[in-house]
>>> print(open('coords13.txt').read())   # compact mmCIF, C-alpha atoms and all ligand atoms
# COMPACT_ATOMS: atom_id res chain seq x y z
CA MET A 1 108.18 -9.57 -63.89
CA THR A 2 104.76 -10.40 -65.32
CA THR A 3 102.04 -7.83 -64.84
CA THR A 4 98.52 -8.31 -66.18
CA ARG A 5 95.32 -6.45 -65.72
CA PHE A 6 91.63 -7.15 -65.92
CA ALA A 7 90.00 -3.91 -67.00
CA PRO A 8 86.22 -3.97 -66.86
CA SER A 9 84.11 -0.86 -67.33
CA PRO A 10 81.72 -0.62 -64.38
CA THR A 11 78.68 -0.22 -66.58
CA GLY A 12 77.15 -3.59 -65.76
CA TYR A 13 77.76 -6.83 -63.91
CA LEU A 14 80.37 -9.33 -65.07
CA HIS A 15 79.20 -12.11 -67.38
CA VAL A 16 80.81 -15.28 -68.70
CA GLY A 17 82.46 -13.35 -71.54
CA ASN A 18 84.25 -11.03 -69.13
CA LEU A 19 85.13 -13.97 -66.95
CA ARG A 20 87.19 -15.50 -69.73
CA THR A 21 89.30 -12.34 -69.93
CA ALA A 22 89.66 -12.07 -66.15
CA LEU A 23 90.55 -15.73 -65.73
CA PHE A 24 93.17 -15.85 -68.49
CA ASN A 25 94.96 -12.78 -67.17
CA TYR A 26 94.77 -14.11 -63.63
CA LEU A 27 96.12 -17.55 -64.54
CA ILE A 28 98.98 -16.15 -66.60
CA THR A 29 100.11 -14.08 -63.65
CA ARG A 30 99.68 -16.75 -61.02
CA LYS A 31 101.52 -19.29 -63.13
CA VAL A 32 104.75 -17.33 -63.19
CA GLY A 33 104.29 -15.06 -60.19
CA GLY A 34 103.66 -11.39 -60.75
CA THR A 35 101.02 -8.77 -60.34
CA PHE A 36 97.39 -9.03 -61.36
CA ILE A 37 95.77 -5.61 -61.41
CA LEU A 38 92.05 -4.99 -61.26
CA ARG A 39 91.66 -1.84 -63.32
CA ILE A 40 88.33 -0.10 -63.25
CA ASP A 41 87.84 1.65 -66.60
CA ASP A 42 85.54 4.38 -65.35
CA THR A 43 86.31 7.41 -67.49
CA ASP A 44 82.66 7.60 -68.53
CA PRO A 45 81.03 9.32 -65.55
CA GLU A 46 77.52 8.85 -66.85
CA ARG A 47 77.59 5.11 -67.45
CA SER A 48 79.98 4.09 -64.65
CA LYS A 49 78.22 3.16 -61.41
CA GLU A 50 79.64 2.43 -57.96
CA GLU A 51 77.23 -0.47 -57.52
CA TYR A 52 78.87 -2.16 -60.51
CA VAL A 53 82.36 -1.54 -59.11
CA ASP A 54 81.23 -3.31 -55.93
CA GLY A 55 79.49 -6.00 -57.97
CA ILE A 56 82.62 -6.71 -60.03
CA LYS A 57 84.69 -7.09 -56.88
CA GLN A 58 82.12 -9.37 -55.25
CA ASP A 59 81.95 -11.59 -58.32
CA LEU A 60 85.73 -11.91 -58.55
CA GLU A 61 85.93 -12.64 -54.82
CA TRP A 62 83.26 -15.31 -55.13
CA LEU A 63 85.40 -16.97 -57.80
CA GLY A 64 88.61 -16.57 -55.81
CA LEU A 65 90.24 -14.45 -58.53
CA THR A 66 92.11 -12.24 -56.13
CA TRP A 67 93.80 -9.12 -57.41
CA ASP A 68 97.00 -7.59 -56.08
CA ARG A 69 96.00 -3.98 -56.63
CA VAL A 70 93.05 -1.89 -57.77
CA GLU A 71 93.48 1.06 -60.10
CA ARG A 72 90.79 3.48 -61.14
CA GLN A 73 91.01 5.48 -64.31
CA SER A 74 88.81 8.24 -62.89
CA ALA A 75 91.63 8.94 -60.40
CA ARG A 76 94.21 9.41 -63.18
CA LEU A 77 92.61 12.07 -65.37
CA ASP A 78 95.45 14.56 -64.75
CA ARG A 79 97.96 12.02 -65.96
CA TYR A 80 95.98 11.41 -69.16
CA ALA A 81 95.79 15.16 -69.79
CA GLN A 82 99.56 15.37 -69.38
CA VAL A 83 100.16 12.60 -71.91
CA ALA A 84 97.67 14.23 -74.27
CA ASP A 85 99.77 17.44 -74.05
CA ASN A 86 102.92 15.46 -74.87
CA LEU A 87 101.26 13.89 -77.90
CA ARG A 88 100.09 17.33 -79.01
CA ASP A 89 103.65 18.64 -78.72
CA MET A 90 104.84 15.73 -80.86
CA GLY A 91 102.30 16.55 -83.54
CA ARG A 92 100.51 13.22 -83.01
CA PHE A 93 97.32 14.69 -81.61
CA TYR A 94 94.95 16.86 -83.62
CA GLU A 95 91.81 18.84 -83.14
CA CYS A 96 88.68 17.90 -85.11
CA PHE A 97 85.30 19.58 -85.37
CA GLU A 98 82.99 17.25 -87.26
CA THR A 99 79.67 16.52 -85.61
CA PRO A 100 78.51 12.90 -85.32
CA THR A 101 76.03 13.57 -88.15
CA GLU A 102 78.77 14.90 -90.42
CA LEU A 103 80.97 11.90 -89.68
CA ASP A 104 78.10 9.59 -90.40
CA LEU A 105 77.48 11.26 -93.74
CA LYS A 106 81.16 10.94 -94.67
CA ARG A 107 81.09 7.25 -93.82
CA LYS A 108 77.98 6.65 -95.89
CA LYS A 109 79.52 8.45 -98.89
CA GLN A 110 82.69 6.38 -98.62
CA LEU A 111 80.73 3.15 -98.39
CA ASN A 112 78.63 4.16 -101.42
CA MET A 113 81.82 4.65 -103.40
CA GLY A 114 83.04 1.23 -102.26
CA LYS A 115 85.72 2.75 -100.03
CA PRO A 116 86.46 1.73 -96.44
CA PRO A 117 84.85 4.19 -93.97
CA VAL A 118 88.11 5.61 -92.66
CA TYR A 119 88.25 9.17 -91.29
CA ASP A 120 89.59 11.39 -94.10
CA ARG A 121 91.69 13.68 -91.87
CA ALA A 122 89.90 16.74 -93.22
CA ALA A 123 90.63 18.51 -89.91
CA LEU A 124 94.35 18.46 -90.69
CA LYS A 125 93.71 20.72 -93.68
CA LEU A 126 91.95 23.46 -91.70
CA SER A 127 93.76 26.80 -91.44
CA GLU A 128 94.24 28.49 -88.05
CA ASP A 129 91.50 30.97 -88.93
CA GLU A 130 89.07 28.22 -89.87
CA LYS A 131 89.83 26.41 -86.63
CA ALA A 132 89.32 29.58 -84.58
CA ALA A 133 85.95 30.11 -86.27
CA LEU A 134 84.89 26.50 -85.60
CA ARG A 135 86.07 26.69 -81.99
CA ALA A 136 83.71 29.60 -81.44
CA GLU A 137 80.73 27.43 -82.30
CA ARG A 138 81.77 23.84 -81.52
CA LEU A 139 83.65 21.84 -78.93
CA PRO A 140 86.61 20.13 -80.58
CA HIS A 141 87.45 16.47 -80.16
CA TRP A 142 90.97 15.11 -80.48
CA ARG A 143 92.39 12.30 -82.56
CA PHE A 144 95.68 10.44 -82.52
CA LEU A 145 97.55 10.70 -85.84
CA LEU A 146 98.39 7.17 -86.90
CA ASP A 147 101.49 6.43 -88.96
CA GLN A 148 100.01 4.85 -92.04
CA GLU A 149 102.12 1.75 -92.04
CA ARG A 150 101.49 -1.93 -91.41
CA ILE A 151 101.31 -2.74 -87.70
CA GLU A 152 102.40 -6.24 -86.78
CA TRP A 153 102.61 -8.32 -83.64
CA GLU A 154 102.94 -11.93 -82.54
CA ASP A 155 99.62 -12.66 -80.90
CA GLY A 156 99.64 -15.25 -78.12
CA ILE A 157 96.52 -16.88 -79.57
CA LEU A 158 96.08 -15.58 -83.13
CA GLY A 159 99.73 -15.95 -84.07
CA HIS A 160 101.35 -13.42 -86.41
CA THR A 161 98.87 -10.59 -86.87
CA SER A 162 99.13 -7.54 -89.06
CA ILE A 163 96.84 -4.59 -89.69
CA ASP A 164 97.33 -1.79 -92.20
CA ALA A 165 96.99 1.45 -90.23
CA ALA A 166 95.73 3.15 -93.41
CA SER A 167 92.57 1.04 -93.10
CA VAL A 168 91.85 2.33 -89.60
CA SER A 169 90.50 5.75 -88.58
CA ASP A 170 92.71 7.87 -86.37
CA PRO A 171 91.24 7.05 -82.95
CA VAL A 172 89.41 9.75 -81.03
CA LEU A 173 91.11 10.05 -77.65
CA ILE A 174 89.30 13.01 -76.10
CA ARG A 175 85.66 13.82 -76.76
CA GLY A 176 84.19 17.28 -77.31
CA ASP A 177 82.95 17.39 -73.71
CA GLY A 178 86.49 16.66 -72.52
CA GLN A 179 85.91 13.03 -71.63
CA VAL A 180 89.05 10.95 -72.00
CA LEU A 181 88.27 7.82 -73.98
CA TYR A 182 89.31 4.30 -73.19
CA THR A 183 92.07 4.10 -75.81
CA LEU A 184 94.13 6.92 -74.33
CA ALA A 185 93.53 5.90 -70.72
CA SER A 186 94.30 2.26 -71.41
CA VAL A 187 97.55 2.96 -73.23
CA VAL A 188 98.78 5.34 -70.54
CA ASP A 189 97.90 2.86 -67.80
CA ASP A 190 99.45 -0.13 -69.53
CA THR A 191 102.63 1.89 -69.96
CA ASP A 192 102.77 3.50 -66.50
CA MET A 193 101.83 0.28 -64.71
CA GLY A 194 104.35 -1.84 -66.56
CA VAL A 195 101.76 -4.22 -67.98
CA THR A 196 103.64 -7.02 -69.74
CA ASN A 197 100.76 -9.16 -71.03
CA VAL A 198 97.36 -8.10 -72.31
CA VAL A 199 94.74 -10.77 -72.89
CA ARG A 200 91.36 -9.62 -74.11
CA GLY A 201 88.59 -10.49 -76.54
CA SER A 202 89.18 -10.54 -80.27
CA ASP A 203 86.83 -7.56 -80.60
CA HIS A 204 89.89 -5.55 -79.53
CA VAL A 205 92.23 -6.61 -82.35
CA THR A 206 91.94 -3.33 -84.25
CA ASN A 207 92.34 -1.37 -81.02
CA THR A 208 95.54 -3.26 -80.43
CA ALA A 209 96.98 -2.06 -83.72
CA THR A 210 96.36 1.59 -82.86
CA GLN A 211 97.42 1.09 -79.25
CA ILE A 212 100.77 -0.34 -80.33
CA GLN A 213 101.51 2.88 -82.20
CA MET A 214 100.37 4.98 -79.28
CA ILE A 215 102.47 3.05 -76.78
CA GLN A 216 105.48 3.55 -79.03
CA ALA A 217 104.68 7.27 -79.35
CA ILE A 218 104.61 7.77 -75.59
CA GLY A 219 107.79 5.76 -75.12
CA GLY A 220 106.26 2.69 -73.50
CA THR A 221 107.14 -0.98 -73.98
CA VAL A 222 104.62 -2.82 -76.11
CA PRO A 223 103.18 -5.71 -74.06
CA ASP A 224 102.58 -9.21 -75.38
CA PHE A 225 99.04 -9.34 -76.70
CA ALA A 226 96.71 -12.31 -76.93
CA HIS A 227 93.14 -12.11 -78.20
CA HIS A 228 90.77 -14.88 -77.22
CA SER A 229 87.83 -15.76 -79.42
CA LEU A 230 84.37 -14.53 -78.54
CA LEU A 231 81.82 -16.88 -77.05
CA THR A 232 78.79 -18.01 -78.99
CA GLY A 233 75.70 -19.88 -77.84
CA PRO A 234 75.48 -23.67 -78.17
CA GLN A 235 74.30 -23.45 -81.81
CA GLY A 236 77.00 -20.96 -82.72
CA GLU A 237 74.60 -18.01 -82.37
CA ALA A 238 76.01 -14.68 -81.22
CA LEU A 239 75.99 -14.46 -77.46
CA SER A 240 76.44 -10.71 -77.17
CA LYS A 241 72.73 -10.02 -76.67
CA ARG A 242 72.29 -12.86 -74.21
CA LEU A 243 75.34 -12.07 -72.11
CA GLY A 244 73.15 -9.99 -69.81
CA THR A 245 71.39 -13.20 -68.81
CA LEU A 246 74.71 -14.94 -68.23
CA ALA A 247 75.83 -12.64 -65.43
CA LEU A 248 78.10 -14.34 -62.93
CA ARG A 249 75.78 -13.39 -60.09
CA ASP A 250 72.89 -15.14 -61.82
CA LEU A 251 74.94 -18.30 -62.25
CA ARG A 252 75.86 -18.07 -58.60
CA ALA A 253 72.18 -17.73 -57.65
CA GLN A 254 71.41 -20.81 -59.72
CA GLY A 255 73.90 -22.76 -57.62
CA VAL A 256 76.83 -22.99 -60.05
CA GLU A 257 80.00 -23.64 -58.04
CA PRO A 258 83.03 -21.38 -58.66
CA MET A 259 85.44 -24.27 -59.29
CA ALA A 260 83.05 -25.83 -61.80
CA LEU A 261 82.72 -22.55 -63.65
CA LEU A 262 86.46 -21.85 -63.55
CA SER A 263 87.38 -25.38 -64.63
CA HIS A 264 85.04 -25.10 -67.58
CA MET A 265 86.19 -21.65 -68.66
CA ALA A 266 89.88 -22.50 -68.28
CA ARG A 267 89.51 -25.21 -70.94
CA LEU A 268 86.66 -24.07 -73.17
CA GLY A 269 88.07 -23.30 -76.62
CA SER A 270 91.42 -24.97 -75.95
CA SER A 271 92.88 -28.20 -77.26
CA ASP A 272 93.16 -29.54 -73.69
CA PRO A 273 90.47 -31.95 -72.47
CA PHE A 274 87.87 -30.76 -70.01
CA GLU A 275 88.86 -31.67 -66.50
CA LEU A 276 87.33 -30.80 -63.22
CA ARG A 277 89.88 -28.96 -61.10
CA VAL A 278 89.14 -28.73 -57.43
CA SER A 279 91.66 -26.07 -56.48
CA MET A 280 93.02 -22.89 -57.97
CA ASP A 281 96.55 -24.30 -57.85
CA GLU A 282 95.54 -27.20 -60.08
CA LEU A 283 93.86 -24.78 -62.45
CA VAL A 284 96.97 -22.61 -62.66
CA GLU A 285 99.14 -25.65 -63.19
CA GLY A 286 97.16 -26.98 -66.14
CA PHE A 287 96.67 -23.68 -67.97
CA ASP A 288 98.46 -22.81 -71.21
CA ILE A 289 97.20 -19.92 -73.29
CA THR A 290 98.96 -21.17 -76.41
CA HIS A 291 96.53 -24.11 -76.47
CA PHE A 292 93.58 -21.84 -77.24
CA GLY A 293 92.28 -21.45 -80.76
CA ALA A 294 91.03 -18.46 -82.72
CA ALA A 295 87.67 -19.96 -83.73
CA PRO A 296 84.53 -18.72 -81.96
CA THR A 297 83.92 -20.78 -78.85
CA LYS A 298 80.57 -22.38 -78.07
CA PHE A 299 79.34 -21.89 -74.55
CA ASP A 300 76.41 -23.81 -73.10
CA VAL A 301 75.35 -22.82 -69.61
CA ASP A 302 73.88 -26.31 -69.11
CA ASP A 303 77.41 -27.75 -69.09
CA LEU A 304 78.04 -26.02 -65.77
CA PHE A 305 75.52 -28.07 -63.80
CA PRO A 306 76.89 -31.62 -64.17
CA LEU A 307 80.31 -30.18 -63.40
CA THR A 308 78.92 -28.49 -60.31
CA GLY A 309 77.46 -31.81 -59.17
CA ARG A 310 80.78 -33.55 -59.75
CA TYR A 311 82.61 -30.86 -57.83
CA LEU A 312 80.27 -31.13 -54.85
CA GLN A 313 80.79 -34.89 -54.79
CA THR A 314 84.48 -34.30 -54.14
CA LEU A 315 83.80 -32.33 -50.95
CA ASP A 316 84.00 -33.96 -47.57
CA TYR A 317 81.63 -33.17 -44.75
CA ASP A 318 83.82 -30.46 -43.21
CA HIS A 319 83.48 -28.38 -46.36
CA MET A 320 79.73 -28.72 -46.31
CA ALA A 321 79.05 -28.53 -42.58
CA GLY A 322 78.10 -24.84 -42.70
CA ASP A 323 75.61 -25.26 -45.52
CA ILE A 324 74.10 -28.35 -43.95
CA ARG A 325 73.77 -26.79 -40.52
CA ALA A 326 72.14 -23.76 -42.11
CA LEU A 327 69.36 -26.06 -43.32
CA GLY A 328 68.67 -27.05 -39.73
CA VAL A 329 70.02 -30.61 -39.97
CA PRO A 330 70.86 -31.71 -36.39
CA ASP A 331 74.61 -32.13 -35.82
CA ASP A 332 74.34 -35.81 -34.89
CA ILE A 333 72.96 -36.79 -38.28
CA ALA A 334 74.51 -34.05 -40.44
CA PRO A 335 77.59 -36.08 -41.57
CA ASP A 336 75.35 -39.04 -42.46
CA PHE A 337 72.98 -36.72 -44.30
CA TRP A 338 75.85 -35.42 -46.46
CA ALA A 339 77.20 -38.92 -47.11
CA VAL A 340 73.75 -40.06 -48.23
CA VAL A 341 72.75 -37.18 -50.51
CA ARG A 342 76.06 -36.04 -52.00
CA ASP A 343 75.76 -38.24 -55.06
CA ASN A 344 72.20 -37.13 -55.65
CA ILE A 345 72.56 -33.37 -55.95
CA THR A 346 73.42 -31.10 -58.84
CA THR A 347 73.74 -27.89 -56.83
CA LYS A 348 73.68 -27.04 -53.14
CA HIS A 349 70.10 -25.90 -53.60
CA ASP A 350 69.08 -29.55 -53.97
CA LEU A 351 70.06 -30.16 -50.35
CA THR A 352 66.96 -28.27 -49.26
CA ALA A 353 64.61 -30.73 -50.94
CA TRP A 354 66.48 -33.74 -49.55
CA TRP A 355 66.36 -32.37 -46.04
CA ALA A 356 62.66 -31.51 -46.40
CA LEU A 357 62.11 -35.12 -47.42
CA CYS A 358 64.01 -36.45 -44.42
CA GLN A 359 62.44 -34.03 -41.99
CA ASN A 360 58.83 -34.05 -43.12
CA GLY A 361 58.56 -37.26 -45.09
CA ALA A 362 57.45 -37.47 -48.68
CA ASP A 363 53.95 -37.86 -50.00
CA PRO A 364 53.94 -41.52 -50.93
CA VAL A 365 53.64 -42.47 -54.57
CA ILE A 366 51.86 -45.83 -54.76
CA ASP A 367 50.66 -47.42 -57.97
CA ASP A 368 47.23 -49.10 -57.74
CA GLU A 369 48.63 -52.58 -58.23
CA ASP A 370 51.09 -52.03 -55.35
CA ARG A 371 48.61 -50.73 -52.78
CA ASP A 372 48.06 -53.99 -50.90
CA PHE A 373 51.72 -54.85 -51.14
CA VAL A 374 52.76 -51.52 -49.63
CA ASP A 375 50.18 -51.84 -46.82
CA GLN A 376 51.52 -55.28 -46.03
CA ALA A 377 55.12 -54.03 -46.12
CA MET A 378 54.39 -51.04 -43.89
CA ALA A 379 52.86 -53.32 -41.29
CA LEU A 380 56.19 -55.15 -41.20
CA LEU A 381 58.36 -52.05 -40.88
CA PRO A 382 60.12 -52.33 -37.49
CA ASP A 383 59.86 -49.61 -34.88
CA ARG A 384 62.56 -46.96 -34.59
CA PRO A 385 65.43 -46.48 -34.14
CA PHE A 386 66.46 -47.33 -37.70
CA ASP A 387 70.02 -48.11 -38.61
CA GLN A 388 71.87 -49.21 -41.75
CA THR A 389 70.62 -52.80 -41.36
CA THR A 390 66.93 -51.89 -41.07
CA TRP A 391 66.24 -51.68 -44.80
CA GLY A 392 67.91 -55.02 -45.54
CA ASN A 393 66.14 -56.84 -42.71
CA TRP A 394 62.80 -55.26 -43.51
CA THR A 395 62.88 -56.00 -47.25
CA THR A 396 63.92 -59.58 -46.49
CA SER A 397 60.89 -60.07 -44.30
CA VAL A 398 58.65 -58.33 -46.88
CA LYS A 399 60.04 -60.62 -49.56
CA GLU A 400 59.26 -63.69 -47.45
CA ALA A 401 55.74 -62.48 -46.66
CA THR A 402 54.80 -61.40 -50.20
CA GLY A 403 56.97 -63.44 -52.51
CA ARG A 404 58.05 -60.29 -54.37
CA LYS A 405 61.67 -59.76 -55.27
CA GLY A 406 64.03 -57.50 -57.20
CA ARG A 407 62.65 -54.29 -58.67
CA GLY A 408 59.07 -55.32 -57.93
CA LEU A 409 59.99 -55.47 -54.27
CA PHE A 410 62.25 -52.46 -53.90
CA MET A 411 60.80 -49.84 -56.26
CA PRO A 412 57.29 -49.62 -54.73
CA LEU A 413 58.88 -49.26 -51.29
CA ARG A 414 61.25 -46.54 -52.46
CA LYS A 415 58.35 -44.66 -54.06
CA ALA A 416 56.18 -45.07 -50.99
CA LEU A 417 58.90 -43.77 -48.69
CA THR A 418 60.45 -41.02 -50.82
CA GLY A 419 57.81 -40.20 -53.45
CA GLN A 420 60.50 -40.71 -56.12
CA SER A 421 61.78 -43.56 -58.24
CA HIS A 422 65.44 -42.65 -57.83
CA GLY A 423 67.68 -41.39 -55.07
CA PRO A 424 70.27 -42.50 -52.53
CA ASP A 425 70.81 -46.05 -51.36
CA MET A 426 67.72 -46.80 -49.28
CA SER A 427 69.61 -48.59 -46.54
CA HIS A 428 71.43 -45.29 -45.86
CA LEU A 429 68.46 -43.03 -46.45
CA LEU A 430 65.95 -44.87 -44.27
CA PRO A 431 67.70 -44.10 -40.95
CA LEU A 432 67.50 -40.39 -41.84
CA LEU A 433 63.78 -40.35 -42.50
CA GLN A 434 62.20 -38.67 -39.52
CA VAL A 435 58.67 -39.16 -40.82
CA ILE A 436 57.21 -41.96 -42.93
CA LYS A 437 53.88 -40.85 -44.27
CA ALA A 438 53.13 -44.18 -45.91
CA LYS A 439 53.04 -45.91 -42.52
CA PRO A 440 49.47 -45.96 -41.24
N1 LIG A 501 87.44 -1.57 -70.51
C1 LIG A 501 87.79 -2.30 -71.68
C2 LIG A 501 86.71 -3.32 -71.99
O1 LIG A 501 86.02 -3.73 -71.07
C3 LIG A 501 89.12 -2.97 -71.49
C4 LIG A 501 89.68 -3.60 -72.70
C5 LIG A 501 91.15 -3.93 -72.50
O2 LIG A 501 91.39 -4.98 -71.91
O3 LIG A 501 91.99 -3.16 -72.88
O4 LIG A 501 86.51 -3.68 -73.11
>>> encode(input="coords13.txt", output="structure tokens", more="lines below")
Ligand code: GLU
Amino acid sequence: MTTTRFAPSPTGYLHVGNLRTALFNYLITRKVGGTFILRIDDTDPERSKEEYVDGIKQDLEWLGLTWDRVERQSARLDRYAQVADNLRDMGRFYECFETPTELDLKRKKQLNMGKPPVYDRAALKLSEDEKAALRAERLPHWRFLLDQERIEWEDGILGHTSIDAASVSDPVLIRGDGQVLYTLASVVDDTDMGVTNVVRGSDHVTNTATQIQMIQAIGGTVPDFAHHSLLTGPQGEALSKRLGTLALRDLRAQGVEPMALLSHMARLGSSDPFELRVSMDELVEGFDITHFGAAPTKFDVDDLFPLTGRYLQTLDYDHMAGDIRALGVPDDIAPDFWAVVRDNITTKHDLTAWWALCQNGADPVIDDEDRDFVDQAMALLPDRPFDQTTWGNWTTSVKEATGRKGRGLFMPLRKALTGQSHGPDMSHLLPLLQVIKAKP
């Protein structure tokens, strides 16, 4: 049975980069049936905040990425301590005393000598007496002792991947202040929770190498790993610093529709063509992780808006009734209002402006050379009620009276009535206009 997890740290709100990870894990599980776990990686009590836990859940709910179970690492600290004891008993866990400054100095020296900055395992050479003396003045941290061999796996996106463990520092699993670090917690959880597939960003590739050894050490089954490429901006620039401005809640506030965002992210960086999917089932159906490439993936937030517009155009009135009523559109004209404006909006926010136009009328835009023509036309505008034939009949009589035709006839009237040179079919829009400011 397939089990995946999305494991954010609640130290901020979710952004498009996290979404990729969440979505891939979700789709893999839903495609074959299985369990999708939302795992809150909150072993850092200082940086983890409850408001972010709530925010993460709200953002996933908004997108419809429903989880089957929530796990919290802060609730499993005893279990991590137990596994740490086991590793200690196996001789795979060792006590170190270097301060951050000392470690930094070591790294600089190694780099100066042209060597990779890998921890030199000096702590393994300390005698019991030396350790006792250090313990009296410092809090020890604990590292996992890697087997210095080549670690290999078949990556679901990167293909065959191999990392020489000798080029990686033994990972610190428990800090001097006792805080359990992500690597230990994640490995214990993946093992205990029977996680079968791990999809995450390619910034985790080295972690994966060390985690494979740790999973083997604690007797777990190594899951299938896949590392997706990191997102860049439209010009290929690093996105990491801008991700804060690409928070899912900000996109939501800007009117991006969940299905537009999900459709885009489920294809971005893959060999499959972009396609708007209007339901989660369709999205699940068309998803194949093996179609994704390892190259950095360009993300342009502007792509989400045309897709949002296209998505909204697929919705019938019933889907939109709530939003339209909330604007105050009377029920008797609400379905017509939606039919008229649906092709002329990018996000739901645009409905507000269209309704304001219908309700209050627009300030007419009249070019000087059209002033007399518009006055003449307005005098011919029939009295209410308007229906779908009004515009056609009116413009025919204006044409006869003025001799104008085509664009020269229609455009000044559109601009006088709506204040804009583009918009919905006027024969449909006119009956919705409650006020016509251009009419004297
Ligand atoms: N909390 C980790 C992160 O957000 C999880 C990584 C993983 O998927 O193992 O980077």
>>> residues_around(input="coords13.txt", residues="range 399-408 of chain A", least_positions_apart="4", cutoff="10 Å", atoms="only C-alpha atoms", output="VMD selection string")
chain A and resid 370 373 376 to 377 380 393 to 395 412 to 413
>>> residues_around(input="coords13.txt", residues="range 129-132 of chain A", least_positions_apart="6", cutoff="9 Å", atoms="all atoms listed in the file", output="tab-separated table (two decimals) with C-alpha atoms, keeping the file's coordinate frame")
chain	number	residue	atom	x	y	z
A	95	GLU	CA	91.81	18.84	-83.14
A	96	CYS	CA	88.68	17.90	-85.11
A	97	PHE	CA	85.30	19.58	-85.37
A	123	ALA	CA	90.63	18.51	-89.91
>>> closest_residue(input="coords13.txt", among="A:Gly309, A:Asp363, A:Asp375, A:Ala185", to="Asp350 in chain A", atoms="only C-alpha atoms")
A:Gly309
>>> residues_near_ligand(input="coords13.txt", ligand="ligand LIG 501 (chain A)", cutoff="7 Å", atoms="all atoms listed in the file", output="number ranges by chain")
A: 6-9, 41, 182, 186, 198-200
>>> closest_residue(input="coords13.txt", among="A:Arg342, A:Thr21, A:Asp189, A:Asp42", to="Ser229 in chain A", atoms="only C-alpha atoms")
A:Thr21
>>> residues_near_point(input="coords13.txt", point="(79.8, 4.5, -63.6)", cutoff="12 Å", atoms="all atoms listed in the file", output="list in words")
Pro8, Ser9, Pro10, Thr11, Gly12, Tyr13, Ile40, Asp41, Asp42, Thr43, Asp44, Pro45, Glu46, Arg47, Ser48, Lys49, Glu50, Glu51, Tyr52, Val53, Asp54, Gly55, Arg72, Gln73 and Ser74 of chain A
>>> atom_distance(input="coords13.txt", atom1="CA of Leu105 in chain A", atom2="CA of Leu139 in chain A")
19.2 Å
>>> atom_distance(input="coords13.txt", atom1="CA of Asp303 in chain A", atom2="CA of Gly322 in chain A")
26.6 Å
>>> residues_around(input="coords13.txt", residues="Ile212 in chain A", least_positions_apart="3", cutoff="8 Å", atoms="all atoms listed in the file", output="list in words")
Ile151, Thr208, Ala209, Ile215, Gln216 and Val222 of chain A
>>> atom_distance(input="coords13.txt", atom1="CA of Phe24 in chain A", atom2="CA of Leu184 in chain A")
23.5 Å
>>> residues_around(input="coords13.txt", residues="Gly34 in chain A", least_positions_apart="6", cutoff="12 Å", atoms="only C-alpha atoms", output="PyMOL selection string")
chain A and resi 1-5+25-28+67-69+194-197
>>> residues_around(input="coords13.txt", residues="Leu103 in chain A", least_positions_apart="2", cutoff="12 Å", atoms="all atoms listed in the file", output="PyMOL selection string")
chain A and resi 96-101+105-110+117-123+169
>>> residues_near_point(input="coords13.txt", point="(91.5, 8.6, -75.3)", cutoff="9 Å", atoms="all atoms listed in the file", output="PDB file with C-alpha atoms, in the frame of the given file")
ATOM      1  CA  TYR A  80      95.980  11.410 -69.160  1.00  0.00           C
ATOM      2  CA  ALA A  84      97.670  14.230 -74.270  1.00  0.00           C
ATOM      3  CA  TRP A 142      90.970  15.110 -80.480  1.00  0.00           C
ATOM      4  CA  ARG A 143      92.390  12.300 -82.560  1.00  0.00           C
ATOM      5  CA  PHE A 144      95.680  10.440 -82.520  1.00  0.00           C
ATOM      6  CA  PRO A 171      91.240   7.050 -82.950  1.00  0.00           C
ATOM      7  CA  VAL A 172      89.410   9.750 -81.030  1.00  0.00           C
ATOM      8  CA  LEU A 173      91.110  10.050 -77.650  1.00  0.00           C
ATOM      9  CA  ILE A 174      89.300  13.010 -76.100  1.00  0.00           C
ATOM     10  CA  ARG A 175      85.660  13.820 -76.760  1.00  0.00           C
ATOM     11  CA  GLN A 179      85.910  13.030 -71.630  1.00  0.00           C
ATOM     12  CA  VAL A 180      89.050  10.950 -72.000  1.00  0.00           C
ATOM     13  CA  LEU A 181      88.270   7.820 -73.980  1.00  0.00           C
ATOM     14  CA  TYR A 182      89.310   4.300 -73.190  1.00  0.00           C
ATOM     15  CA  THR A 183      92.070   4.100 -75.810  1.00  0.00           C
ATOM     16  CA  LEU A 184      94.130   6.920 -74.330  1.00  0.00           C
ATOM     17  CA  ALA A 185      93.530   5.900 -70.720  1.00  0.00           C
ATOM     18  CA  SER A 186      94.300   2.260 -71.410  1.00  0.00           C
ATOM     19  CA  VAL A 187      97.550   2.960 -73.230  1.00  0.00           C
TER      20      VAL A 187
END
>>> closest_residue(input="coords13.txt", among="A:Ala334, A:Ala260, A:Val32, A:Val278", to="Met320 in chain A", atoms="all atoms listed in the file")
A:Ala334
>>> closest_residue(input="coords13.txt", among="A:Thr314, A:Ala379, A:Gln148, A:Pro364", to="Ser421 in chain A", atoms="all atoms listed in the file")
A:Pro364
>>> closest_residue(input="coords13.txt", among="A:His428, A:Arg252, A:Lys415, A:Lys439", to="Trp62 in chain A", atoms="all atoms listed in the file")
A:Arg252
>>> closest_atom_pairs(input="coords13.txt", of="range 263-323 of chain A", to="range 338-341 of chain A", cutoff="10 Å", atoms="all atoms listed in the file", output="JSON lines")
{"residue": "A:Gln313", "atom": "CA", "partner": "A:Ala339", "partner_atom": "CA", "distance": 9.4}
{"residue": "A:Leu315", "atom": "CA", "partner": "A:Trp338", "partner_atom": "CA", "distance": 9.6}
{"residue": "A:Asp316", "atom": "CA", "partner": "A:Trp338", "partner_atom": "CA", "distance": 8.4}
{"residue": "A:Tyr317", "atom": "CA", "partner": "A:Trp338", "partner_atom": "CA", "distance": 6.4}
{"residue": "A:Asp318", "atom": "CA", "partner": "A:Trp338", "partner_atom": "CA", "distance": 9.9}
{"residue": "A:Met320", "atom": "CA", "partner": "A:Trp338", "partner_atom": "CA", "distance": 7.7}
{"residue": "A:Ala321", "atom": "CA", "partner": "A:Trp338", "partner_atom": "CA", "distance": 8.5}
